[in-house]
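These notes are about the structure you will find just below.
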Amino acid sequence: MTAMQTKSPHSSDGSDYSLRDHFRIWRTMLTISLEERLVYRGDFALGTLLRFLPIVTQVFLWTAVFSAAGRSDIAGYSKNDIVAYYLLAMATRAFSSMPGLAGSIARGIRDGSIKKYLVQPVDYIGFLFAMRVAHKLVYFAVALGPFVLVLFLFRSYFPAIPDVGTIIAFAASLFMAFLIGFFLEATLGMLGFWFLEVASLLFVYMLANYLLSGHMFPLDMLDGIATGILGISLGDVVKMLPFEYTAYFPAAIWLGKISGPAMYQGLLIEAMWVIVMAAACRLAYDRGSRHWSAVGG
Amino acid sequence: MNASSRLPTVDRSLANDDVIQVSGLSKSYRVYDKPEGIAASISGLFRRKHRTVHALQNIDLSVKRGEFVALLGPNGAGKTTCLKLLSGIITPTSGEARVLGHVPWDRENAYRRRFSLVMGQRNQLWWDLPASESFKLHREIYRIDAGHFDRIRDELVDLLGVRSLLLQPVRDLSLGERMKLELVASLLHEPEVLFLDEPTLGLDVVAQHAVHGFLQHYQSARRVTVMLTTHYMKDVAALCQRVVVVMHGSILYDGSLAAFIDRYSTHKLVTLEMSNAPNPALLARWGSDVEVRGPEILVRVDRTQVASVLPELLEIPSIVDITVEDVPLEEIVASLFRSNDSGNSRTHDGAPA
C-alpha cells in the first residue's frame, strides 16, 4: 500500500480550505439559491402574503375571549398587549421557522440525492445554511412591505418603542432564534439517516413547537400552573426547552415582559441552545451519514 | 494562493501504480420494513425487526491508472454498493480500500477533489437554473482557477456539443442533454478517477453513442481511471477493456473482455437466409434455440461443432446466404447470470488488457 500513498499535487492543498475559500463557496451558493428562489416568484409572493392571514383571526379570537371573560386583563396581558404580542411572535417566527428544511433533508436521504454532498468537497450543513439565508433574504424582501404596513396599522396596540439596549437584545434574540430554528429543524431532518421517514416525527415536533414556542399564547401564562412535582410550574418546564426562544422570548423582550437580569439570563440560555443544537446537528450528520446505507439508488 | 497550486494536474509518476486497491471488502445492510403511521414511528424508535443483506462479500480488486473497467452483474449483485464504497458514500462492514492513496469513507477533501461520481438520472445540476450556474458553483467548491475553469468547460462543452444548452434551465432539457451536462459538471475539476453508475440509463441510441464517443475520447486522452456499472452491453463493448462480473456480492470473473467472451461464449450464432419459408424443425439436429425471423432462421451451434456443421448446413436446399457470428454479449452475460443464480463460485481469469 505504500506506493499508493505517494502524494499528488492535490493532497497537499486539498484538505485545508481557507476561510476565504469557504466564503467564496458560500457566496456562490447564496447567489445561486437566491436565483433559484426567484424562479417561482409568483408562488413565493403568494405564500409570503398568505402568512399574514392568521393575524386577523387571532385578533377576532382574542377580542371574543376578552369580551367573554369580562375583564381587561388576562394573566397580565391587556387586549392590546395580546395583539402586539401576536404580531411580534409572528415576526420572530419569520426568522425562526424553516419551512421545508427538515422535510427536504429527509427526502434527500430517502431518495439518495444527498449523495452528491457526500462526494463533493463541500460541507453539507454549511450548504444548507447558505441556502436558508438566501431563502430568508428573499422572504424578507417580499414580506418587508406587508410587515411594515401591518405593524403601522396596528401601531396603537404597541407600547412605546423600547430603549436602545432592549432593541439590541431583541435583535440578538431574533438572530439566535434563526440559528436555533435552523439547527433544530436540520437536526430533525438528519434523523432521516436512521428512520428514513421523519414525517411523523416532524408532526410531533410541529405540535410541540406550536404549543411551547408561544405561537399560540404568551408562555408566561403558564407560570401559575403547577405540575405537582416539587413545586415546579409548567412555565418553569417550558423555560428549559429551546422552543420558547423561537417565538415567545424575543416578543417578550420587545414588550418589556422580560428585562434586566432575567433578560440576560434568557439570552444566555438562548445562546446555549444555539450551541447545543449546532453540535447536535453536526453530530447527527456525522454519525448519520456513516450509519446510512445509501439505499434508494 | 497562487494560480498554479489551484490547477489540478494529473501526476504521471503514479502511472504504473494501482489507483484503486480493494481487499476483503464486505458490506452488509440491515434492512427492515417500516409500518406506516405515527404510532408505528414511535414504537419503531425502540424495536424493529431486521434482516441482514450481504451486498458485497470479501471483494478483492485492483485497478491501474488509465484502466476502463466495467462492473457487470444482475440487479442487486453489489455493483452500485461497490461504487458507493469507493466514493465514500457508505462505510464497509469489513475490509479495506484505497483510492489514490485515500481511504474513501474518510471523506477527506483531498480525496473528494480528485474523483467524480456520476449517477445516471441523479441530478447534481440545479433543476431550475441553467447548467452554467451549477458549473460556477463547482468552480468554487473545487477551487478551480477562473481562466483554467473556462478552458476546461469550453473543451468539455464542445466535445459533447452542448454549448447552446448552457443557458437553458436544466428542467427544460431532455434526459440525454442533461446527462451530457452532468458529465461536464463531473469533469470540470479534472478528476483522476471517475465512477460512472449507469451513465446511459434511459438514453436513446444517438445519445448513448455520443456519450460513448465522448468517454472513449476523454479517457484515452487523459488516462483517467474509470469504473462503470451498466446493463447495456453496448457500453461495455464500446468502452471497456476489462470486465468484472459481480454476482451475489462476490466477484465471479475479473479479466479482459476478449477472454470473457472466449470463456463464456459456448456457442456461435449461425444465421441462414432461405428462399422459402424456413422450417425450424429442419435445423434442430444441428443446434439449440432455433429461431425464425422472417426469411431468416437462427441457430446456436456449439463452438466446437461449427466447422463440422457448416458444410452440412450448406447442403440444405433453398439456402440463399449464411453468416456465423459470436453470440451477442447480452446473451452471454444473461446466460452467465442465470447459470450462476444460486452459486457463489469465484474465478479470476486473464490479465487486464
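Convention: chains lettered A, B, ... in C-alpha cells order; per-chain residue numbering from 1; ligands numbered from 1 as shown.
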Fewer than 5 positions away in the same chain doesn't count, so skip those; otherwise give me all residues within 6 Å of region 226-243 of chain A, counting only C-alpha atoms, as a tab-separated table (two decimals) with C-alpha atoms, in the first residue's frame.
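The resulting part-v1.tsv:
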```tsv
chain	number	residue	atom	x	y	z
A	209	ASN	CA	-43.44	23.84	18.79
A	212	LEU	CA	-44.38	25.52	23.57
A	213	SER	CA	-42.88	28.30	21.46
```
(message) Taking only C-alpha atoms into account, find every residue of chain B that has an atom no more than 7 Å from chain A, and write it out as a ChimeraX atom specification.
(response) /B:8,11,17-19,29,37-38,41,87-91,100-101,108-110,112-113,122,124,128-129,133,137,140-142
(message) With only C-alpha atoms as the counted atoms, please give the residues lying no more than 10 Å from region 168-181 of chain A, apart from itself and same-chain residues fewer than 4 positions off, as a ChimeraX atom specification.
(response) /A:91-98,101,129,132-133,136,162-164,185-187,242-247,249-255,259,263-264,266-268,270-278
Create the file for the chosen residues now, containing C-alpha atoms and written as a JSON list (two decimals), in the first residue's frame.
```json
[["chain", "number", "residue", "atom", "x", "y", "z"],
["A", 91, "ALA", "CA", -42.26, 38.47, 13.20],
["A", 92, "THR", "CA", -39.98, 36.25, 15.28],
["A", 93, "ARG", "CA", -41.31, 33.14, 13.65],
["A", 94, "ALA", "CA", -40.49, 34.69, 10.31],
["A", 95, "PHE", "CA", -36.87, 34.33, 11.48],
["A", 96, "SER", "CA", -37.07, 31.03, 13.31],
["A", 97, "SER", "CA", -39.43, 28.93, 11.22],
["A", 98, "MET", "CA", -37.79, 26.88, 8.50],
["A", 101, "LEU", "CA", -35.99, 22.29, 5.80],
["A", 129, "PHE", "CA", -27.20, 27.25, 5.93],
["A", 132, "ARG", "CA", -31.58, 29.06, 4.17],
["A", 133, "VAL", "CA", -30.05, 32.52, 4.47],
["A", 136, "LYS", "CA", -34.86, 34.23, 4.29],
["A", 162, "PRO", "CA", -38.14, 50.49, 23.93],
["A", 163, "ASP", "CA", -34.65, 51.83, 24.67],
["A", 164, "VAL", "CA", -31.63, 51.02, 22.53],
["A", 185, "GLU", "CA", -35.04, 21.54, 12.05],
["A", 186, "ALA", "CA", -31.84, 20.46, 10.34],
["A", 187, "THR", "CA", -31.17, 18.00, 13.17],
["A", 242, "PRO", "CA", -35.46, 25.56, 23.22],
["A", 243, "PHE", "CA", -38.89, 26.25, 21.77],
["A", 244, "GLU", "CA", -39.72, 29.50, 23.57],
["A", 245, "TYR", "CA", -36.69, 31.16, 22.01],
["A", 246, "THR", "CA", -38.21, 30.73, 18.57],
["A", 247, "ALA", "CA", -41.25, 32.94, 19.27],
["A", 249, "PHE", "CA", -38.71, 35.22, 24.11],
["A", 250, "PRO", "CA", -37.89, 37.95, 21.53],
["A", 251, "ALA", "CA", -41.51, 39.19, 21.64],
["A", 252, "ALA", "CA", -41.40, 39.34, 25.43],
["A", 253, "ILE", "CA", -38.17, 41.34, 25.30],
["A", 254, "TRP", "CA", -39.69, 43.96, 22.99],
["A", 255, "LEU", "CA", -42.85, 44.23, 25.09],
["A", 259, "SER", "CA", -35.98, 42.72, 31.24],
["A", 263, "MET", "CA", -33.38, 39.03, 30.00],
["A", 264, "TYR", "CA", -29.62, 38.48, 30.16],
["A", 266, "GLY", "CA", -32.60, 34.30, 28.85],
["A", 267, "LEU", "CA", -30.14, 35.45, 26.20],
["A", 268, "LEU", "CA", -27.51, 33.25, 27.79],
["A", 270, "GLU", "CA", -30.73, 31.00, 24.18],
["A", 271, "ALA", "CA", -27.03, 31.17, 23.21],
["A", 272, "MET", "CA", -26.51, 27.86, 24.98],
["A", 273, "TRP", "CA", -29.32, 26.32, 22.95],
["A", 274, "VAL", "CA", -27.73, 27.63, 19.74],
["A", 275, "ILE", "CA", -24.50, 25.84, 20.65],
["A", 276, "VAL", "CA", -26.28, 22.68, 21.77],
["A", 277, "MET", "CA", -28.41, 22.47, 18.63],
["A", 278, "ALA", "CA", -25.48, 23.26, 16.33]]
```
(message) Can you measure CA of Glu67 (chain B) to CA of Val193 (chain B) for me? One decimal in Å is fine.
(response)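 Between CA of Glu67 (chain B) and CA of Val193 (chain B) the gap works out to 9.8 Å.
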(message) Would you pick out the contacts of Phe337 (chain B) at 8 Å or less, using only C-alpha atoms, so that residues sharing its chain but fewer than 6 positions from it are not included, and give the list as a PyMOL selection string?
(response) chain B and resi 73-74+247
(request) Output as a ChimeraX atom specification all residues of region 26-140 of chain B that backbone DSSP marks as strand (DSSP E or B). (result) /B:26-31,51-64,68-72,94-99,102,115-119,130
(request) Would you mind listing what lies within 12 Å of Ala141 (chain A) as a ChimeraX atom specification, with only C-alpha atoms counted and same-chain residues fewer than 4 positions away left out? (result) /A:34,37-38,41,44-45,48-49,134-137,145-148
Limited to N, CA and C atoms, could you put the picked residues into a file as an mmCIF file, in the first residue's frame?
```
data_model
loop_
_atom_site.group_PDB
_atom_site.id
_atom_site.type_symbol
_atom_site.label_atom_id
_atom_site.label_comp_id
_atom_site.auth_asym_id
_atom_site.auth_seq_id
_atom_site.Cartn_x
_atom_site.Cartn_y
_atom_site.Cartn_z
ATOM 1 N N LEU A 34 -30.400 32.284 -4.274
ATOM 2 C CA LEU A 34 -31.247 33.466 -4.491
ATOM 3 C C LEU A 34 -31.899 33.381 -5.863
ATOM 4 N N ARG A 37 -34.597 30.745 -5.885
ATOM 5 C CA ARG A 37 -35.814 31.145 -5.188
ATOM 6 C C ARG A 37 -36.657 32.090 -6.031
ATOM 7 N N LEU A 38 -35.956 32.899 -6.822
ATOM 8 C CA LEU A 38 -36.682 33.909 -7.582
ATOM 9 C C LEU A 38 -37.350 33.328 -8.823
ATOM 10 N N ARG A 41 -41.346 33.102 -8.488
ATOM 11 C CA ARG A 41 -41.647 34.313 -7.712
ATOM 12 C C ARG A 41 -43.125 34.410 -7.371
ATOM 13 N N PHE A 44 -43.952 32.216 -4.479
ATOM 14 C CA PHE A 44 -43.266 32.738 -3.308
ATOM 15 C C PHE A 44 -43.982 33.954 -2.738
ATOM 16 N N ALA A 45 -44.361 34.873 -3.628
ATOM 17 C CA ALA A 45 -45.028 36.093 -3.180
ATOM 18 C C ALA A 45 -46.360 35.755 -2.515
ATOM 19 N N THR A 48 -45.912 34.102 0.863
ATOM 20 C CA THR A 48 -45.481 35.088 1.844
ATOM 21 C C THR A 48 -46.661 35.905 2.355
ATOM 22 N N LEU A 49 -47.514 36.343 1.425
ATOM 23 C CA LEU A 49 -48.622 37.205 1.813
ATOM 24 C C LEU A 49 -49.668 36.439 2.627
ATOM 25 N N ALA A 134 -30.341 32.529 2.068
ATOM 26 C CA ALA A 134 -30.881 33.043 0.806
ATOM 27 C C ALA A 134 -32.403 33.028 0.831
ATOM 28 N N HIS A 135 -32.943 31.926 1.324
ATOM 29 C CA HIS A 135 -34.384 31.758 1.440
ATOM 30 C C HIS A 135 -34.982 32.903 2.264
ATOM 31 N N LYS A 136 -34.352 33.184 3.405
ATOM 32 C CA LYS A 136 -34.860 34.235 4.292
ATOM 33 C C LYS A 136 -34.712 35.623 3.662
ATOM 34 N N LEU A 137 -33.589 35.833 2.978
ATOM 35 C CA LEU A 137 -33.384 37.143 2.349
ATOM 36 C C LEU A 137 -34.486 37.427 1.336
ATOM 37 N N GLY A 145 -42.510 44.858 3.049
ATOM 38 C CA GLY A 145 -43.595 45.817 2.798
ATOM 39 C C GLY A 145 -44.824 45.490 3.621
ATOM 40 N N PRO A 146 -45.386 44.290 3.440
ATOM 41 C CA PRO A 146 -46.569 43.909 4.219
ATOM 42 C C PRO A 146 -46.341 43.987 5.726
ATOM 43 N N PHE A 147 -45.146 43.561 6.177
ATOM 44 C CA PHE A 147 -44.848 43.621 7.611
ATOM 45 C C PHE A 147 -44.946 45.051 8.131
ATOM 46 N N VAL A 148 -44.295 45.948 7.421
ATOM 47 C CA VAL A 148 -44.291 47.348 7.845
ATOM 48 C C VAL A 148 -45.717 47.888 7.854
#
```
(request) Could you please determine the separation between CA of Ser174 (chain B) and CA of Met227 (chain B) in Å, to one decimal place? (result)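 Calculated distance between CA of Ser174 (chain B) and CA of Met227 (chain B) is 25.3 Å.
Using only C-alpha atoms, the shortest contact distance between Leu45 (chain B) and any of A:Ala69, A:Leu207, A:Leu191, A:Leu19 is found at A:Leu191.
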(message) Taking 5 positions as the minimum chain separation for residues in the same chain, which residues sit within 12 Å of Glu312 (chain B) when counting only C-alpha atoms? Answer as number ranges by chain.
(response) B: 282-283, 285-286, 305-307, 317, 319
(request) Tell me, in Å to one decimal, how far CA of Val290 (chain B) is from CA of Met233 (chain B). (result) 23.0 Å
(request) Point out the residue among B:Ala55, B:Leu194, B:Leu125, B:Val333 with the least atom-to-atom distance to Val236 (chain B), counting only C-alpha atoms. (result)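 Between B:Ala55, B:Leu194, B:Leu125, B:Val333, the residue approaching Val236 (chain B) most closely is B:Val333.
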(request) Measuring atom to atom with only C-alpha atoms, identify which of B:Glu36, B:Thr93, B:Ile20, B:Ile251 is nearest to Thr225 (chain B). (result)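 That would be B:Ile20, the residue with the smallest distance to Thr225 (chain B).
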(request) Kindly indicate which residue among B:Leu167, B:Val22, B:Val103, B:Ala237 lies nearest to Leu257 (chain B), using only C-alpha atoms for the distances. (result)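 With only C-alpha atoms as the atom set, the closest residue is B:Ala237.
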